[in-house]
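The file coords_26.txt comes next; it holds compact mmCIF, C-alpha atoms.
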```txt
# COMPACT_ATOMS: atom_id res chain seq x y z
CA MET R 1 41.74 12.27 -30.59
CA ARG R 2 41.98 11.95 -34.35
CA HIS R 3 43.24 9.42 -36.87
CA PHE R 4 46.80 10.20 -37.95
CA GLY R 5 46.93 12.56 -34.97
CA HIS R 6 50.32 11.06 -34.10
CA VAL R 7 51.62 12.36 -37.44
CA SER R 8 53.13 15.86 -37.49
CA PRO R 9 50.88 18.72 -38.70
CA GLU R 10 53.31 19.32 -41.57
CA ASP R 11 53.02 15.73 -42.76
CA ARG R 12 49.24 15.76 -42.41
CA GLN R 13 49.09 18.89 -44.55
CA ARG R 14 51.29 17.20 -47.16
CA LEU R 15 49.20 14.01 -47.19
CA PHE R 16 45.62 15.19 -46.88
CA HIS R 17 43.32 17.15 -49.13
CA ARG R 18 40.97 17.11 -46.13
CA GLU R 19 42.43 16.14 -42.77
CA PRO R 20 40.69 13.74 -40.35
CA VAL R 21 38.52 15.52 -37.79
CA GLU R 22 39.05 15.35 -34.05
CA PHE R 23 36.55 13.29 -32.07
CA THR R 24 35.88 12.32 -28.46
CA ARG R 25 34.12 9.41 -26.78
CA ASP R 26 31.13 11.75 -26.29
CA ASP R 27 30.49 12.22 -30.02
CA PRO R 28 27.42 10.76 -31.79
CA ALA R 29 27.33 6.99 -32.22
CA GLY R 30 27.39 7.15 -36.02
CA LEU R 31 30.68 9.03 -36.04
CA LEU R 32 32.25 6.77 -33.39
CA ALA R 33 31.21 3.58 -35.21
CA THR R 34 33.01 4.81 -38.32
CA ALA R 35 36.01 6.03 -36.29
CA LEU R 36 36.68 2.65 -34.61
CA GLY R 37 39.16 1.74 -37.35
CA ALA R 38 41.57 -0.98 -36.31
CA THR R 39 40.34 -2.13 -32.90
CA LEU R 40 43.31 -3.57 -31.03
CA TYR R 41 42.65 -6.40 -28.55
CA SER R 42 44.78 -6.89 -25.44
CA PRO R 43 44.41 -9.45 -22.64
CA ALA R 44 43.17 -7.80 -19.45
CA THR R 45 45.82 -9.75 -17.52
CA ARG R 46 48.65 -7.85 -19.20
CA PRO R 47 51.08 -6.32 -16.69
CA ARG R 48 51.40 -2.53 -16.95
CA LEU R 49 48.24 -2.42 -19.05
CA ALA R 50 47.82 1.31 -18.44
CA ASP R 51 51.23 2.03 -19.94
CA ALA R 52 50.45 -0.20 -22.91
CA VAL R 53 47.21 1.70 -23.61
CA VAL R 54 49.03 5.03 -23.54
CA LYS R 55 51.84 3.72 -25.75
CA GLN R 56 49.45 2.37 -28.39
CA THR R 57 47.49 5.62 -28.37
CA GLY R 58 50.70 7.44 -29.21
CA LEU R 59 51.27 5.05 -32.13
CA GLY R 60 47.89 5.72 -33.73
CA VAL R 61 45.48 3.27 -32.06
CA ARG R 62 42.05 4.85 -31.61
CA SER R 63 40.04 1.94 -30.20
CA MET R 64 41.04 -0.93 -27.91
CA VAL R 65 39.36 -3.93 -26.33
CA LEU R 66 40.64 -5.18 -22.98
CA CYS R 67 39.69 -8.83 -23.06
CA LEU R 68 38.44 -11.05 -20.23
CA GLU R 69 37.16 -13.75 -22.54
CA ASP R 70 38.96 -15.99 -25.07
CA SER R 71 42.37 -14.31 -24.76
CA ILE R 72 42.81 -15.47 -21.14
CA ALA R 73 42.46 -18.88 -19.47
CA ASP R 74 39.34 -19.74 -17.49
CA GLY R 75 41.31 -19.72 -14.26
CA GLU R 76 42.65 -16.19 -14.89
CA VAL R 77 39.34 -14.32 -14.93
CA ALA R 78 39.44 -13.05 -11.35
CA VAL R 79 43.07 -11.97 -11.76
CA GLY R 80 42.19 -10.26 -15.04
CA GLU R 81 39.29 -8.37 -13.47
CA ALA R 82 41.45 -7.17 -10.58
CA ASN R 83 44.22 -6.07 -12.94
CA LEU R 84 41.73 -4.29 -15.18
CA VAL R 85 40.24 -2.32 -12.29
CA GLU R 86 43.68 -1.44 -10.93
CA GLN R 87 45.10 -0.37 -14.30
CA LEU R 88 42.08 1.69 -15.38
CA THR R 89 41.99 3.39 -11.99
CA GLU R 90 45.65 4.29 -12.46
CA LEU R 91 44.95 5.50 -15.99
CA ALA R 92 42.07 7.69 -14.83
CA ALA R 93 44.41 9.45 -12.40
CA ARG R 94 46.79 10.37 -15.23
CA ASP R 95 46.42 13.09 -17.84
CA ASP R 96 47.31 10.88 -20.80
CA GLU R 97 45.19 10.61 -23.93
CA THR R 98 43.41 7.28 -24.29
CA PRO R 99 41.53 5.67 -27.18
CA LEU R 100 37.96 4.44 -27.15
CA LEU R 101 38.17 1.65 -24.55
CA PHE R 102 35.93 -1.41 -24.38
CA VAL R 103 35.98 -4.48 -22.14
CA ARG R 104 35.16 -7.91 -23.52
CA VAL R 105 33.31 -9.84 -20.82
CA ARG R 106 32.11 -13.42 -20.41
CA ALA R 107 28.87 -12.95 -18.46
CA PRO R 108 26.29 -10.16 -18.05
CA GLY R 109 27.02 -9.79 -14.33
CA GLN R 110 30.59 -8.78 -15.08
CA ILE R 111 29.37 -5.56 -16.69
CA THR R 112 27.59 -4.21 -13.63
CA ASP R 113 30.24 -5.56 -11.26
CA LEU R 114 33.17 -4.00 -13.14
CA VAL R 115 31.47 -0.62 -13.49
CA ARG R 116 30.74 -0.66 -9.75
CA ARG R 117 34.34 -1.56 -8.89
CA LEU R 118 35.76 1.04 -11.26
CA GLY R 119 33.75 3.86 -9.71
CA PRO R 120 34.82 7.22 -11.22
CA ALA R 121 37.32 5.44 -13.50
CA ALA R 122 34.37 4.01 -15.44
CA ARG R 123 34.34 7.32 -17.35
CA LEU R 124 37.25 5.94 -19.42
CA LEU R 125 35.06 3.18 -20.83
CA SER R 126 33.12 3.55 -24.06
CA GLY R 127 31.41 0.21 -23.58
CA PHE R 128 31.58 -3.58 -23.60
CA VAL R 129 32.10 -6.31 -26.17
CA LEU R 130 29.48 -9.06 -25.86
CA PRO R 131 30.63 -12.57 -26.90
CA LYS R 132 28.73 -15.29 -28.80
CA PHE R 133 25.75 -13.02 -29.27
CA THR R 134 22.32 -14.52 -29.99
CA TYR R 135 18.81 -13.41 -29.05
CA GLU R 136 18.61 -15.50 -25.88
CA HIS R 137 22.26 -15.10 -24.89
CA GLY R 138 22.53 -11.44 -25.89
CA GLU R 139 19.58 -9.68 -24.33
CA PRO R 140 20.75 -10.22 -20.70
CA PHE R 141 24.05 -8.52 -21.65
CA LEU R 142 22.20 -5.53 -23.08
CA GLU R 143 20.00 -5.29 -20.00
CA ALA R 144 23.10 -5.33 -17.78
CA LEU R 145 24.67 -2.63 -19.94
CA ALA R 146 21.62 -0.41 -19.50
CA GLU R 147 21.75 -0.95 -15.73
CA ALA R 148 25.47 -0.12 -15.60
CA GLU R 149 24.96 3.02 -17.66
CA TYR R 150 22.20 4.19 -15.34
CA SER R 151 24.18 3.51 -12.17
CA SER R 152 27.39 5.13 -13.43
CA GLY R 153 25.88 8.10 -15.23
CA HIS R 154 28.19 7.44 -18.21
CA ARG R 155 27.10 6.49 -21.72
CA LEU R 156 28.09 2.90 -22.52
CA PHE R 157 27.89 1.16 -25.89
CA ALA R 158 27.65 -2.51 -26.79
CA MET R 159 29.58 -4.28 -29.52
CA PRO R 160 28.04 -7.75 -29.91
CA VAL R 161 30.25 -10.43 -31.46
CA LEU R 162 28.51 -12.65 -34.00
CA GLU R 163 30.29 -16.00 -33.62
CA SER R 164 27.81 -18.60 -32.37
CA PRO R 165 27.35 -22.03 -34.01
CA GLU R 166 23.64 -21.23 -34.52
CA LEU R 167 24.70 -18.43 -36.84
CA LEU R 168 27.14 -20.62 -38.72
CA HIS R 169 24.98 -23.68 -39.27
CA LEU R 170 22.81 -23.40 -42.35
CA GLU R 171 19.67 -24.89 -40.79
CA THR R 172 19.56 -22.28 -38.00
CA ARG R 173 21.23 -19.28 -39.64
CA THR R 174 18.20 -17.45 -40.98
CA SER R 175 16.16 -17.67 -37.78
CA THR R 176 19.21 -16.72 -35.70
CA LEU R 177 19.87 -13.65 -37.84
CA VAL R 178 16.24 -12.57 -37.70
CA ASP R 179 16.22 -12.93 -33.91
CA ILE R 180 19.52 -11.02 -33.56
CA ALA R 181 18.13 -8.25 -35.77
CA ALA R 182 15.12 -7.97 -33.49
CA VAL R 183 17.12 -7.63 -30.27
CA VAL R 184 19.75 -5.21 -31.59
CA ASP R 185 17.00 -3.07 -33.09
CA LYS R 186 15.28 -3.00 -29.69
CA TYR R 187 18.51 -1.67 -28.14
CA ARG R 188 19.61 0.30 -31.23
CA ASP R 189 20.76 3.35 -29.28
CA ARG R 190 23.20 1.19 -27.29
CA VAL R 191 24.68 -0.90 -30.14
CA LEU R 192 27.71 0.85 -31.62
CA ALA R 193 28.80 -1.86 -34.05
CA LEU R 194 28.58 -5.58 -34.70
CA ARG R 195 31.79 -7.62 -34.79
CA LEU R 196 32.42 -10.90 -36.62
CA GLY R 197 34.06 -13.87 -34.87
CA VAL R 198 35.49 -15.60 -37.93
CA THR R 199 38.02 -17.62 -35.91
CA ASP R 200 35.10 -19.30 -34.10
CA PHE R 201 33.39 -19.95 -37.45
CA CYS R 202 36.50 -21.72 -38.74
CA SER R 203 36.92 -23.61 -35.47
CA ALA R 204 33.50 -25.24 -35.83
CA TYR R 205 34.77 -27.05 -38.92
CA GLY R 206 38.40 -27.55 -37.90
CA LEU R 207 39.59 -24.89 -40.35
CA ARG R 208 42.27 -22.24 -40.15
CA ARG R 209 43.02 -19.90 -43.02
CA ALA R 210 46.64 -19.52 -44.08
CA ALA R 211 48.60 -16.26 -44.32
CA ASP R 212 47.84 -15.99 -48.04
CA THR R 213 44.14 -16.88 -47.65
CA THR R 214 41.51 -14.28 -46.78
CA ALA R 215 38.25 -14.95 -44.95
CA TYR R 216 36.51 -14.61 -48.31
CA ASP R 217 38.50 -17.52 -49.75
CA VAL R 218 36.96 -19.83 -47.13
CA GLY R 219 33.57 -20.58 -48.68
CA ILE R 220 31.61 -21.33 -45.53
CA VAL R 221 32.88 -18.15 -43.85
CA ALA R 222 32.24 -16.00 -46.91
CA HIS R 223 28.62 -17.18 -47.01
CA VAL R 224 28.07 -16.29 -43.35
CA ILE R 225 29.57 -12.82 -43.81
CA ALA R 226 27.34 -12.24 -46.83
CA ASP R 227 24.23 -13.29 -44.89
CA VAL R 228 25.15 -11.12 -41.88
CA VAL R 229 25.54 -8.07 -44.12
CA ASN R 230 22.34 -8.99 -45.96
CA VAL R 231 20.25 -8.89 -42.77
CA LEU R 232 22.16 -6.52 -40.49
CA GLY R 233 24.14 -4.21 -42.78
CA ARG R 234 21.46 -2.68 -44.98
CA ALA R 235 21.78 0.96 -46.05
CA ASP R 236 18.07 1.73 -45.58
CA GLY R 237 18.44 2.94 -41.98
CA SER R 238 17.85 -0.48 -40.42
CA GLY R 239 21.47 -1.62 -40.62
CA PHE R 240 24.49 -1.37 -38.33
CA THR R 241 28.21 -0.90 -38.80
CA ILE R 242 29.75 -4.37 -39.15
CA THR R 243 33.49 -4.66 -38.59
CA GLY R 244 35.96 -6.85 -40.43
CA PRO R 245 37.26 -10.14 -39.00
CA VAL R 246 40.57 -10.58 -37.21
CA TRP R 247 43.80 -11.17 -39.11
CA GLU R 248 45.84 -13.79 -37.24
CA TYR R 249 49.33 -13.44 -38.69
CA PHE R 250 51.98 -11.05 -37.38
CA ARG R 251 55.47 -12.16 -38.32
CA LEU R 252 56.57 -8.53 -38.27
CA GLN R 253 59.32 -6.93 -36.27
CA GLU R 254 59.27 -3.31 -35.23
CA ARG R 255 62.11 -2.36 -37.58
CA MET R 256 60.69 -4.04 -40.66
CA PHE R 257 60.25 -0.91 -42.83
CA LYS R 258 63.35 1.08 -41.85
CA PRO R 259 65.70 0.11 -44.71
CA GLN R 260 63.10 1.01 -47.31
CA LEU R 261 61.89 4.21 -45.68
CA ARG R 262 65.22 5.87 -44.93
CA ALA R 263 65.26 6.85 -48.60
CA SER R 264 63.76 10.04 -49.99
CA PRO R 265 59.99 9.88 -50.65
CA PHE R 266 60.79 10.75 -54.25
CA GLU R 267 63.41 8.06 -54.82
CA GLU R 268 62.56 5.91 -57.80
CA GLY R 269 61.58 2.38 -56.89
CA ARG R 270 60.79 3.13 -53.24
CA ALA R 271 57.10 2.30 -53.57
CA GLN R 272 57.81 -1.05 -55.21
CA SER R 273 60.42 -1.83 -52.57
CA LEU R 274 57.93 -1.16 -49.79
CA ARG R 275 55.26 -3.28 -51.49
CA THR R 276 57.77 -6.13 -51.74
CA THR R 277 58.50 -5.79 -48.02
CA LEU R 278 54.79 -5.92 -47.24
CA ILE R 279 54.40 -9.17 -49.16
CA GLU R 280 57.48 -10.71 -47.55
CA HIS R 281 56.13 -9.99 -44.07
CA ASP R 282 52.69 -11.55 -44.52
CA LEU R 283 50.88 -8.25 -44.95
CA ASP R 284 49.83 -8.97 -48.51
CA GLY R 285 47.00 -11.19 -47.27
CA LEU R 286 45.94 -8.58 -44.71
CA LEU R 287 45.81 -5.84 -47.34
CA ARG R 288 43.74 -7.99 -49.69
CA GLU R 289 41.35 -8.87 -46.88
CA ILE R 290 40.89 -5.21 -45.90
CA GLU R 291 39.96 -4.39 -49.50
CA LEU R 292 37.52 -7.30 -49.58
CA ASP R 293 36.04 -6.21 -46.25
CA ARG R 294 35.23 -2.85 -47.80
CA ALA R 295 33.85 -4.40 -50.99
CA ASN R 296 31.54 -6.60 -48.88
CA GLY R 297 30.15 -3.81 -46.69
CA LEU R 298 32.41 -4.07 -43.62
CA LEU R 299 34.21 -1.17 -41.98
CA GLY R 300 37.13 -1.30 -39.53
CA LYS R 301 38.83 -4.47 -38.35
CA THR R 302 39.61 -6.53 -35.27
CA CYS R 303 43.38 -6.56 -34.67
CA ILE R 304 45.49 -8.65 -32.33
CA HIS R 305 48.87 -7.10 -33.18
CA PRO R 306 49.90 -3.43 -33.29
CA SER R 307 51.59 -3.92 -36.67
CA HIS R 308 48.15 -4.28 -38.29
CA VAL R 309 46.76 -0.95 -37.09
CA ILE R 310 48.40 1.53 -39.47
CA PRO R 311 47.78 -0.58 -42.62
CA VAL R 312 44.07 -0.72 -41.71
CA HIS R 313 43.98 3.05 -41.17
CA ALA R 314 45.98 3.83 -44.30
CA LEU R 315 43.49 1.86 -46.40
CA SER R 316 40.59 3.58 -44.63
CA VAL R 317 41.59 7.03 -45.91
CA VAL R 318 39.28 8.15 -48.72
CA SER R 319 41.07 8.66 -52.02
CA HIS R 320 40.81 11.96 -53.83
CA GLU R 321 38.91 10.17 -56.60
CA GLU R 322 36.37 8.57 -54.25
CA TYR R 323 35.80 11.91 -52.55
CA GLY R 324 35.19 13.73 -55.81
CA ASP R 325 32.72 11.07 -56.99
CA ALA R 326 30.83 11.11 -53.68
CA GLN R 327 30.56 14.90 -53.68
CA ASP R 328 29.30 14.94 -57.27
CA ILE R 329 26.64 12.32 -56.53
CA LEU R 330 25.34 14.20 -53.48
CA ARG R 331 25.16 17.68 -54.98
CA PRO R 332 21.69 19.15 -54.32
CA GLU R 333 21.03 19.64 -58.02
CA ARG R 334 21.48 15.89 -58.52
CA GLY R 335 18.53 15.06 -56.27
CA GLY R 336 16.41 14.04 -59.23
CA GLY R 337 18.80 11.29 -60.23
CA GLY R 338 20.50 10.75 -63.54
CA VAL R 339 23.93 9.65 -64.67
CA LEU R 340 27.11 11.73 -64.86
CA ARG R 341 30.68 11.11 -65.87
CA SER R 342 33.26 10.98 -63.10
CA ALA R 343 35.65 13.94 -62.95
CA TYR R 344 38.40 11.33 -63.42
CA THR R 345 36.65 10.35 -66.71
CA ASN R 346 37.01 6.64 -65.91
CA LYS R 347 33.51 5.71 -64.77
CA MET R 348 29.85 6.69 -64.74
CA ASN R 349 28.24 7.77 -61.47
CA GLU R 350 24.56 6.87 -61.20
CA VAL R 351 23.09 9.30 -58.70
CA LYS R 352 20.29 7.24 -57.14
CA PRO R 353 21.98 3.79 -56.96
CA HIS R 354 25.25 5.27 -55.68
CA ARG R 355 23.76 7.68 -53.12
CA ALA R 356 24.12 5.35 -50.11
CA TRP R 357 27.73 4.59 -51.11
CA ALA R 358 28.45 8.31 -51.39
CA GLU R 359 26.98 9.03 -47.96
CA ARG R 360 29.09 6.29 -46.36
CA THR R 361 32.18 7.53 -48.20
CA LEU R 362 31.78 11.09 -46.92
CA ARG R 363 31.25 9.76 -43.38
CA ARG R 364 34.53 7.85 -43.69
CA ALA R 365 36.19 10.94 -45.16
CA GLU R 366 35.24 12.90 -42.08
CA VAL R 367 37.08 10.63 -39.63
CA PHE R 368 39.90 9.22 -41.80
CA GLY R 369 40.43 12.19 -44.09
CA VAL R 370 40.82 12.55 -47.85
CA ALA R 371 44.20 11.98 -49.48
CA ARG R 372 45.66 14.52 -51.84
CA GLU R 373 45.44 13.62 -55.50
CA ASP R 374 49.05 12.41 -55.71
CA ILE R 375 49.05 10.54 -52.38
CA GLY R 376 48.45 6.79 -52.15
CA PHE R 377 48.55 3.96 -49.65
CA VAL R 378 52.35 3.73 -49.53
CA GLU R 379 52.79 7.36 -48.48
CA LEU R 380 50.02 7.10 -45.86
CA LEU R 381 51.50 3.89 -44.48
CA ALA R 382 54.99 5.38 -44.28
CA ALA R 383 53.75 8.50 -42.48
CA GLY R 384 51.60 6.47 -40.10
CA LEU R 385 54.61 4.38 -39.14
CA GLY R 386 56.68 7.51 -38.58
CA ARG R 387 59.22 6.50 -41.22
```

Produce structure tokens that represent the structure in this file.
Amino acid sequence: MRHFGHVSPEDRQRLFHREPVEFTRDDPAGLLATALGATLYSPATRPRLADAVVKQTGLGVRSMVLCLEDSIADGEVAVGEANLVEQLTELAARDDETPLLFVRVRAPGQITDLVRRLGPAARLLSGFVLPKFTYEHGEPFLEALAEAEYSSGHRLFAMPVLESPELLHLETRTSTLVDIAAVVDKYRDRVLALRLGVTDFCSAYGLRRAADTTAYDVGIVAHVIADVVNVLGRADGSGFTITGPVWEYFRLQERMFKPQLRASPFEEGRAQSLRTTLIEHDLDGLLREIELDRANGLLGKTCIHPSHVIPVHALSVVSHEEYGDAQDILRPERGGGGVLRSAYTNKMNEVKPHRAWAERTLRRAEVFGVAREDIGFVELLAAGLGR
């Protein structure tokens, strides 16, 4: 699979200075953590789940979570498990491409039980999402994951969700973060990424952000995100990939862009027309939040609606300018440090302070590609939507 793989080779050549690479679920963890992109959640109770997975793969989704936790009622868990096993077994018998697949569970025992019930179909899974992760609550999940991996013979990753009240409350936050850091470091080889449960953070205080309000506009949430990145997202080799929070609004219809995108790509005013459409359909807040995610050290995003996937991926593509700066900073002859002017002559690149940023940028460039110099978000979005 590859990002923008659903786009024609001719369009990819037109859009990309460097195209996204192909990857598989067997690739190194560092590459897969970057490649998660927009991770689409779907209830495990969904009828014809196998068909839905295949359809979303064809529309550009590269990671999905099949959820047995908050997205279904307590009384639906057994039905959800049975449906999940049936649908994944069906999917394993087909020759269709699938994304990186994860299952969000409620209890550690579900991990070993589901892998046992799936049998050979467990090869489709890349891992499990672990809810309300703390030191005490989380380690049993990681132990169950290790047991399931051993019994199945397939590599399985964990994606803990940081959403517990202990993490939110100021008086317990520091100790909770330190304890979480200790347990995820102990199981480092199994932890693919850490996810943020911002909806649960808001719930603890009876809050809900509006469509024009990002997570970073909610002070208490912004402080938690900053502290999580501070402890768990460091660029010194001790950190982990931390993904962006869910965006809750999806007032979009499938045909929303068609009037704007029937026009020629070179028609004057098209870009502004598309931007206006984005704002009118509640995507303006999503786009601002994705940019703030990046600025605050987060990569990828939890998505609950397919309409969010392509905007996340379009904004994940490395610009020609970013790529040039990153390459300049990492040239071998720059190893001694120093300061140089950007090739775009609009900034100074400090070699030592910007090295970690450059390394992360080139890692993102590998899986999301590098846009051509004259290509921006609007063109990437239009191509991703097939318009």

* Asked: If we count all atoms listed in the file, what is near Pro99 (chain R) at a cut-off of 7 Å, once residues fewer than 3 positions away on the same chain are taken out, given as a PyMOL selection string?
  -> chain R and resi 57+61-64

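Nearest residue to Val183 (chain R), choosing from R:Phe377, R:Phe141, R:Phe128, R:Phe23 and counting all atoms listed in the file: R:Phe141.
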
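Shortest atom-to-atom contact with Tyr216 (chain R) among R:Asp293, R:Glu166, R:Glu248, R:Glu10: R:Asp293, counting only C-alpha atoms.
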
* To do: Would you kindly return, as a PyMOL selection string, each protein, DNA or RNA residue with an atom no farther than 12 Å from any atom of Glu136 (chain R), considering only C-alpha atoms and excluding same-chain residues fewer than 5 positions away?
  => chain R and resi 141-143+164+166+176+179-180+182-184

* Structure fact -> Between CA of Ala215 (chain R) and CA of Ser71 (chain R) lies a distance of 20.6 Å

* Nearest residue to Leu130 (chain R) from the set R:Glu163, R:Asp27, R:Asp96, R:Asp189 (distances using all atoms listed in the file) ->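 Nearest candidate to Leu130 (chain R) out of R:Glu163, R:Asp27, R:Asp96, R:Asp189: R:Glu163.
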
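Using only C-alpha atoms, the smallest distance between any of R:Leu15, R:Val54, R:Ala78, R:Leu196 and Gly376 (chain R) comes from R:Leu15.
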
* So how many Å separate CA of Gly80 (chain R) and CA of Arg48 (chain R), to one decimal? ->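 Interatomic distance here is 12.2 Å.
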
* Give as number ranges by chain the set of residues within 12 Å of the point (50.1, 3.6, -28.2), where distances use the file's coordinates and all atoms listed in the file. => R: 5-6, 40, 49-64, 96-99, 305-307, 309-310, 385

* Quick one: everything within 8 Å of Val224 (chain R), counting all atoms listed in the file, minus sequence neighbours fewer than 4 positions away in the same chain. Send it as a ChimeraX atom specification. => /R:167-168,220,228

* For CA of Ala222 (chain R) and CA of Leu283 (chain R), quote the distance in Å rounded to one decimal. => 20.3 Å

* Asked: In file coordinates, which residues lie within 12 Å of (24.3, -5.5, -46.4) using all atoms listed in the file, given as number ranges by chain?
  -> R: 224-242, 293-299, 356-357

* For Val351 (chain R), the nearest of the candidates R:Gly75, R:Pro332, R:Gly153, R:Pro120, counting only C-alpha atoms ->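 Comparing R:Gly75, R:Pro332, R:Gly153, R:Pro120 against Val351 (chain R), the winner is R:Pro332.
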
* Return the single residue from R:His313, R:His17, R:Arg106, R:Arg188 that is closest to Arg2 (chain R), with distances computed using only C-alpha atoms. => R:His313

* Residues within 10 Å of Arg364 (chain R), all atoms listed in the file, excluding chain neighbours under 5 positions, as number ranges by chain -> R: 20, 31, 34-35, 37, 299, 316-318, 323, 358-359, 369-370

If I wrap all listed atoms of region 297-314 of chain R in a box with edges along x, y and z and add 8 Å on each side, what are its centre and edge lengths in Å to one decimal, as lines of an AutoDock Vina configuration file?
```
center_x = 40.9
center_y = -2.4
center_z = -39.5
size_x = 37.4
size_y = 28.5
size_z = 30.4
```

Any chance you could build region 207-213 of chain R out to all heavy atoms and write it as an mmCIF file, in the frame of the given file?
```cif
data_model
loop_
_atom_site.group_PDB
_atom_site.id
_atom_site.type_symbol
_atom_site.label_atom_id
_atom_site.label_comp_id
_atom_site.auth_asym_id
_atom_site.auth_seq_id
_atom_site.Cartn_x
_atom_site.Cartn_y
_atom_site.Cartn_z
ATOM 1 N N LEU R 207 38.884 -25.616 -39.303
ATOM 2 C CA LEU R 207 39.590 -24.890 -40.350
ATOM 3 C C LEU R 207 40.458 -23.792 -39.749
ATOM 4 O O LEU R 207 40.184 -23.277 -38.670
ATOM 5 C CB LEU R 207 38.589 -24.253 -41.328
ATOM 6 C CG LEU R 207 37.549 -25.181 -41.953
ATOM 7 C CD1 LEU R 207 36.574 -24.374 -42.789
ATOM 8 C CD2 LEU R 207 38.233 -26.242 -42.796
ATOM 9 N N ARG R 208 41.488 -23.416 -40.487
ATOM 10 C CA ARG R 208 42.270 -22.240 -40.150
ATOM 11 C C ARG R 208 42.859 -21.693 -41.445
ATOM 12 O O ARG R 208 43.591 -22.392 -42.142
ATOM 13 C CB ARG R 208 43.400 -22.580 -39.172
ATOM 14 C CG ARG R 208 44.169 -21.332 -38.733
ATOM 15 C CD ARG R 208 45.184 -21.625 -37.654
ATOM 16 N NE ARG R 208 45.709 -20.386 -37.112
ATOM 17 C CZ ARG R 208 46.596 -20.325 -36.117
ATOM 18 N NH1 ARG R 208 47.037 -21.457 -35.573
ATOM 19 N NH2 ARG R 208 47.026 -19.162 -35.693
ATOM 20 N N ARG R 209 42.534 -20.443 -41.764
ATOM 21 C CA ARG R 209 43.020 -19.900 -43.020
ATOM 22 C C ARG R 209 44.506 -19.560 -42.921
ATOM 23 O O ARG R 209 44.986 -19.121 -41.887
ATOM 24 C CB ARG R 209 42.208 -18.681 -43.454
ATOM 25 C CG ARG R 209 42.281 -17.442 -42.592
ATOM 26 C CD ARG R 209 41.206 -16.464 -43.063
ATOM 27 N NE ARG R 209 41.346 -15.115 -42.533
ATOM 28 C CZ ARG R 209 40.868 -14.716 -41.370
ATOM 29 N NH1 ARG R 209 40.220 -15.591 -40.601
ATOM 30 N NH2 ARG R 209 41.012 -13.460 -40.983
ATOM 31 N N ALA R 210 45.215 -19.764 -44.024
ATOM 32 C CA ALA R 210 46.640 -19.520 -44.080
ATOM 33 C C ALA R 210 46.922 -18.038 -44.279
ATOM 34 O O ALA R 210 46.011 -17.237 -44.520
ATOM 35 C CB ALA R 210 47.268 -20.331 -45.209
ATOM 36 N N ALA R 211 48.210 -17.663 -44.221
ATOM 37 C CA ALA R 211 48.600 -16.260 -44.320
ATOM 38 C C ALA R 211 48.298 -15.665 -45.685
ATOM 39 O O ALA R 211 48.203 -14.448 -45.823
ATOM 40 C CB ALA R 211 50.087 -16.109 -44.002
ATOM 41 N N ASP R 212 48.153 -16.506 -46.709
ATOM 42 C CA ASP R 212 47.840 -15.990 -48.040
ATOM 43 C C ASP R 212 46.381 -16.254 -48.416
ATOM 44 O O ASP R 212 46.011 -16.172 -49.582
ATOM 45 C CB ASP R 212 48.775 -16.599 -49.081
ATOM 46 C CG ASP R 212 48.693 -18.126 -49.140
ATOM 47 O OD1 ASP R 212 48.034 -18.721 -48.255
ATOM 48 O OD2 ASP R 212 49.286 -18.713 -50.056
ATOM 49 N N THR R 213 45.546 -16.571 -47.418
ATOM 50 C CA THR R 213 44.140 -16.880 -47.650
ATOM 51 C C THR R 213 43.268 -15.928 -46.844
ATOM 52 O O THR R 213 43.404 -15.852 -45.621
ATOM 53 C CB THR R 213 43.813 -18.329 -47.232
ATOM 54 O OG1 THR R 213 44.678 -19.226 -47.929
ATOM 55 C CG2 THR R 213 42.368 -18.677 -47.535
#
```
